[in-house]
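Below: one structure, written as structure tokens.
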Amino acid sequence: MVCARGRVQPLLAFCRGHVVHFFLADCSSPDEIGFSKLRELSLPYDLIGLQWVTSRVLAVLDCHERLHVIERVLSRDGGTDGVMCVEDLQTLDLERVALVYNSSHFKSLATGGNVSQALALVGERACYQSICNYSIQIFLLGLKAVHILSLTTWKERIDLLVHREHWQCALELAWTFYQGTARAVYGLAGNTEKRKAMVADCMIELLLQYVADTVKKNEHLKAQPAEKACQEVMTMAVDYLILLGRQDVLFGTVWELVSGNSGARASLLSALGTAVLAGRMRTLPPPAARELLSMLRQRGMLANLEACLLQMDVTALDLQQVLDICWTHGLYDAIFYVNNTGMNDYISPMQVGHAGVGLSSHRYWLN
């Protein structure tokens, strides 16, 4: 089915050789049904079978008994001319199924088996009754059994990757569901906001599971090796939770999960620092900001410390503590920034420095 000009119209498809033909059925008149050719889809293999799985997904069988899952893509304007060639979403080898070919129609059993050579040749590759569909399931008739293939739901696809511990791939796939760019999506119902909420909940659950699993696996390691082992998961947790707008989870549950592991905590702080430097996060809770600045100071990463301060909303910080650090290490850009934005003070930094050090000339920040 396709939606065209406010009404739903049946879409028919059949294959011949390597080409799939699409025809749109016009049922507007109660007296007759008209058909108009929509588009042809040329594939790099000869076809012997075709079945709809959903209104957008097709399962096509080639002459080498490989089942290809392809998707019908609509044009951006929502018109009826939106069928285009797409690459295979999945290919399955059905050699072990041993499909049943030919039928009584091609053998002409009713007339004693007298058939032409052409009809007999066609019957060798005919499997019209050997592949059919019901809902999202494909039934295959083999010599010894009936085989059933089913289109997996969006959640099952993610769960399969998680089961194999392909966490990054699972999160990337989930993000395509969230953005609406994934293909062959099934089971994700509702309007756009509802679908995004469902996927967001799934991604948060997945991230928390990944963080907890990684922290537990590396709890026996010392701080530095544990930090390196946790770096990937913490980066993904920070990045995705920022994209989802769920900093409450980041500084709530995730923060608690790493509280007992110094290496994992350092990895999280490093990921937060990267996000701050990239301008993707300006406001940090005071405890997190304090620990981040302290870690950068202890590691001698003063340039990063100053750059982070210049990107942060410093009004929530202990300004006196921050200024003491800045004066101690000569972070003058940060001094002017903190005074200007945090205290609305444009005069003091230019009059006298920490411990009586005067500033005759320097760059300074003005809002």
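Identifiers in this document derive from the order of the structure tokens: chains are assigned A, B, ..., residues are numbered from 1 separately in each chain, and ligands are numbered from 1 in order of occurrence.
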Contacts of Leu89 in chain A at 8 Å or less, counting only C-alpha atoms, minus same-chain residues fewer than 2 places along, as a PyMOL selection string? chain A and resi 68-71+87+91+183-184
Output the selection as a PDB file, in the first residue's frame - all heavy atoms for each residue.
```pdb
ATOM      1  N   HIS A  68      16.995 -12.355  -0.747  1.00  0.00           N
ATOM      2  CA  HIS A  68      17.458 -10.990  -0.536  1.00  0.00           C
ATOM      3  C   HIS A  68      16.329 -10.161   0.073  1.00  0.00           C
ATOM      4  O   HIS A  68      15.191 -10.210  -0.403  1.00  0.00           O
ATOM      5  CB  HIS A  68      17.890 -10.356  -1.856  1.00  0.00           C
ATOM      6  CG  HIS A  68      18.937 -11.134  -2.596  1.00  0.00           C
ATOM      7  ND1 HIS A  68      20.285 -10.862  -2.516  1.00  0.00           N
ATOM      8  CD2 HIS A  68      18.813 -12.207  -3.432  1.00  0.00           C
ATOM      9  CE1 HIS A  68      20.955 -11.706  -3.275  1.00  0.00           C
ATOM     10  NE2 HIS A  68      20.081 -12.534  -3.842  1.00  0.00           N
ATOM     11  N   VAL A  69      16.656  -9.404   1.101  1.00  0.00           N
ATOM     12  CA  VAL A  69      15.691  -8.498   1.718  1.00  0.00           C
ATOM     13  C   VAL A  69      16.000  -7.087   1.216  1.00  0.00           C
ATOM     14  O   VAL A  69      17.102  -6.572   1.429  1.00  0.00           O
ATOM     15  CB  VAL A  69      15.769  -8.537   3.261  1.00  0.00           C
ATOM     16  CG1 VAL A  69      14.741  -7.590   3.871  1.00  0.00           C
ATOM     17  CG2 VAL A  69      15.553  -9.960   3.763  1.00  0.00           C
ATOM     18  N   ILE A  70      15.052  -6.472   0.534  1.00  0.00           N
ATOM     19  CA  ILE A  70      15.227  -5.122   0.006  1.00  0.00           C
ATOM     20  C   ILE A  70      14.074  -4.250   0.488  1.00  0.00           C
ATOM     21  O   ILE A  70      13.035  -4.760   0.927  1.00  0.00           O
ATOM     22  CB  ILE A  70      15.305  -5.110  -1.538  1.00  0.00           C
ATOM     23  CG1 ILE A  70      13.998  -5.645  -2.137  1.00  0.00           C
ATOM     24  CG2 ILE A  70      16.484  -5.934  -2.030  1.00  0.00           C
ATOM     25  CD1 ILE A  70      13.966  -5.603  -3.650  1.00  0.00           C
ATOM     26  N   GLU A  71      14.272  -2.949   0.419  1.00  0.00           N
ATOM     27  CA  GLU A  71      13.249  -2.034   0.920  1.00  0.00           C
ATOM     28  C   GLU A  71      12.820  -1.057  -0.168  1.00  0.00           C
ATOM     29  O   GLU A  71      13.650  -0.555  -0.926  1.00  0.00           O
ATOM     30  CB  GLU A  71      13.765  -1.251   2.134  1.00  0.00           C
ATOM     31  CG  GLU A  71      12.702  -0.340   2.746  1.00  0.00           C
ATOM     32  CD  GLU A  71      13.182   0.344   4.007  1.00  0.00           C
ATOM     33  OE1 GLU A  71      14.408   0.447   4.197  1.00  0.00           O
ATOM     34  OE2 GLU A  71      12.342   0.778   4.809  1.00  0.00           O
ATOM     35  N   GLU A  87      20.393  -1.077  -2.112  1.00  0.00           N
ATOM     36  CA  GLU A  87      21.234  -2.250  -1.900  1.00  0.00           C
ATOM     37  C   GLU A  87      20.539  -3.236  -0.978  1.00  0.00           C
ATOM     38  O   GLU A  87      19.632  -2.876  -0.234  1.00  0.00           O
ATOM     39  CB  GLU A  87      22.571  -1.825  -1.298  1.00  0.00           C
ATOM     40  CG  GLU A  87      22.450  -1.183   0.068  1.00  0.00           C
ATOM     41  CD  GLU A  87      23.783  -0.716   0.609  1.00  0.00           C
ATOM     42  OE1 GLU A  87      24.742  -0.635  -0.182  1.00  0.00           O
ATOM     43  OE2 GLU A  87      23.845  -0.443   1.825  1.00  0.00           O
ATOM     44  N   THR A  91      21.088 -10.839   2.995  1.00  0.00           N
ATOM     45  CA  THR A  91      21.054 -11.950   2.040  1.00  0.00           C
ATOM     46  C   THR A  91      21.213 -13.256   2.805  1.00  0.00           C
ATOM     47  O   THR A  91      22.132 -13.393   3.620  1.00  0.00           O
ATOM     48  CB  THR A  91      22.167 -11.821   0.995  1.00  0.00           C
ATOM     49  OG1 THR A  91      22.029 -10.577   0.304  1.00  0.00           O
ATOM     50  CG2 THR A  91      22.094 -12.955  -0.013  1.00  0.00           C
ATOM     51  N   ARG A 183      16.549   1.293   8.161  1.00  0.00           N
ATOM     52  CA  ARG A 183      15.789   0.614   7.130  1.00  0.00           C
ATOM     53  C   ARG A 183      15.100  -0.623   7.693  1.00  0.00           C
ATOM     54  O   ARG A 183      15.517  -1.192   8.690  1.00  0.00           O
ATOM     55  CB  ARG A 183      16.697   0.208   5.967  1.00  0.00           C
ATOM     56  CG  ARG A 183      17.247   1.390   5.178  1.00  0.00           C
ATOM     57  CD  ARG A 183      18.130   0.928   4.049  1.00  0.00           C
ATOM     58  NE  ARG A 183      18.600   2.048   3.244  1.00  0.00           N
ATOM     59  CZ  ARG A 183      19.466   1.925   2.243  1.00  0.00           C
ATOM     60  NH1 ARG A 183      19.946   0.741   1.944  1.00  0.00           N
ATOM     61  NH2 ARG A 183      19.834   2.984   1.561  1.00  0.00           N
ATOM     62  N   ALA A 184      14.051  -1.014   6.990  1.00  0.00           N
ATOM     63  CA  ALA A 184      13.292  -2.227   7.346  1.00  0.00           C
ATOM     64  C   ALA A 184      12.889  -2.216   8.821  1.00  0.00           C
ATOM     65  O   ALA A 184      13.050  -3.203   9.528  1.00  0.00           O
ATOM     66  CB  ALA A 184      14.097  -3.483   7.013  1.00  0.00           C
TER      67      ALA A 184
END
```
Test item: residues at most 12 Å from Val249 in chain A, only C-alpha atoms, excluding those fewer than 2 positions along its chain, as a list in words: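 The contact residues come out as Ala200, Asp201, Met203, Ile204, Glu205, Leu207, Leu208, Ala237, Val238, Tyr240, Leu241, Ile242, Leu244, Gly245, Arg246, Gln247, Phe251, Gly252, Thr253, Val254, Trp255, Glu256 and Leu257 of chain A.
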Would you tabulate, counting only C-alpha atoms, all residues of range 194-240 of chain A that have an atom at most 10 Å from an atom of range 161-165 of chain A, showing the closest pair of atoms and their distance in Å to one decimal, sorted by chain then ascending number, as JSON lines?
```
{"residue": "A:Leu206", "atom": "CA", "partner": "A:Val162", "partner_atom": "CA", "distance": 8.4}
{"residue": "A:Gln209", "atom": "CA", "partner": "A:Val162", "partner_atom": "CA", "distance": 9.8}
{"residue": "A:Tyr210", "atom": "CA", "partner": "A:Val162", "partner_atom": "CA", "distance": 9.1}
```
Please, could you write that set of residues out with N, CA and C atoms as a PDB file, in the first residue's frame?
```
ATOM      1  N   LEU A 206      20.351   0.557  27.549  1.00  0.00           N
ATOM      2  CA  LEU A 206      21.509  -0.085  26.950  1.00  0.00           C
ATOM      3  C   LEU A 206      22.810   0.539  27.454  1.00  0.00           C
ATOM      4  N   GLN A 209      23.482  -0.455  31.054  1.00  0.00           N
ATOM      5  CA  GLN A 209      23.912  -1.854  31.098  1.00  0.00           C
ATOM      6  C   GLN A 209      25.367  -1.979  30.647  1.00  0.00           C
ATOM      7  N   TYR A 210      25.721  -1.240  29.600  1.00  0.00           N
ATOM      8  CA  TYR A 210      27.089  -1.274  29.088  1.00  0.00           C
ATOM      9  C   TYR A 210      28.071  -0.708  30.112  1.00  0.00           C
TER      10      TYR A 210
END
```
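Minimum distance to Leu317 in chain A across A:Ser294, A:Leu331, A:Pro287, A:Glu32 (counting only C-alpha atoms) occurs at A:Pro287.
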Could you pull the residues within 9 Å of Phe14 in chain A, counting only C-alpha atoms, minus those fewer than 6 positions along the same chain, as a list in words?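 Selected residues are Val20, His21, Phe22, Phe23, Gly49, Leu50 and Gln51 of chain A.
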Store the residues picked out above, limited to N, CA, C and O atoms, as a PDB file, in the first residue's frame.
```pdb
ATOM      1  N   VAL A  20      12.210  -6.058 -11.171  1.00  0.00           N
ATOM      2  CA  VAL A  20      10.969  -6.046 -10.400  1.00  0.00           C
ATOM      3  C   VAL A  20      10.122  -4.891 -10.922  1.00  0.00           C
ATOM      4  O   VAL A  20      10.596  -3.749 -10.998  1.00  0.00           O
ATOM      5  N   HIS A  21       8.884  -5.174 -11.290  1.00  0.00           N
ATOM      6  CA  HIS A  21       7.976  -4.169 -11.834  1.00  0.00           C
ATOM      7  C   HIS A  21       6.948  -3.793 -10.763  1.00  0.00           C
ATOM      8  O   HIS A  21       6.383  -4.674 -10.096  1.00  0.00           O
ATOM      9  N   PHE A  22       6.715  -2.506 -10.605  1.00  0.00           N
ATOM     10  CA  PHE A  22       5.742  -2.007  -9.640  1.00  0.00           C
ATOM     11  C   PHE A  22       4.593  -1.341 -10.395  1.00  0.00           C
ATOM     12  O   PHE A  22       4.818  -0.500 -11.268  1.00  0.00           O
ATOM     13  N   PHE A  23       3.375  -1.724 -10.017  1.00  0.00           N
ATOM     14  CA  PHE A  23       2.180  -1.130 -10.613  1.00  0.00           C
ATOM     15  C   PHE A  23       1.280  -0.616  -9.509  1.00  0.00           C
ATOM     16  O   PHE A  23       1.102  -1.271  -8.473  1.00  0.00           O
ATOM     17  N   GLY A  49      11.368 -15.683  -7.449  1.00  0.00           N
ATOM     18  CA  GLY A  49      10.306 -15.535  -6.462  1.00  0.00           C
ATOM     19  C   GLY A  49      10.326 -14.184  -5.797  1.00  0.00           C
ATOM     20  O   GLY A  49      11.383 -13.536  -5.696  1.00  0.00           O
ATOM     21  N   LEU A  50       9.149 -13.730  -5.356  1.00  0.00           N
ATOM     22  CA  LEU A  50       9.030 -12.424  -4.716  1.00  0.00           C
ATOM     23  C   LEU A  50       7.846 -12.436  -3.769  1.00  0.00           C
ATOM     24  O   LEU A  50       6.782 -12.959  -4.103  1.00  0.00           O
ATOM     25  N   GLN A  51       8.047 -11.855  -2.577  1.00  0.00           N
ATOM     26  CA  GLN A  51       6.966 -11.749  -1.602  1.00  0.00           C
ATOM     27  C   GLN A  51       7.102 -10.446  -0.834  1.00  0.00           C
ATOM     28  O   GLN A  51       8.217 -10.026  -0.494  1.00  0.00           O
TER      29      GLN A  51
END
```
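The shortest atom-to-atom distance to Asn133 in chain A, with only C-alpha atoms taken into account, belongs to A:Val53 out of A:Met198, A:Leu302, A:Val53, A:Ala278.
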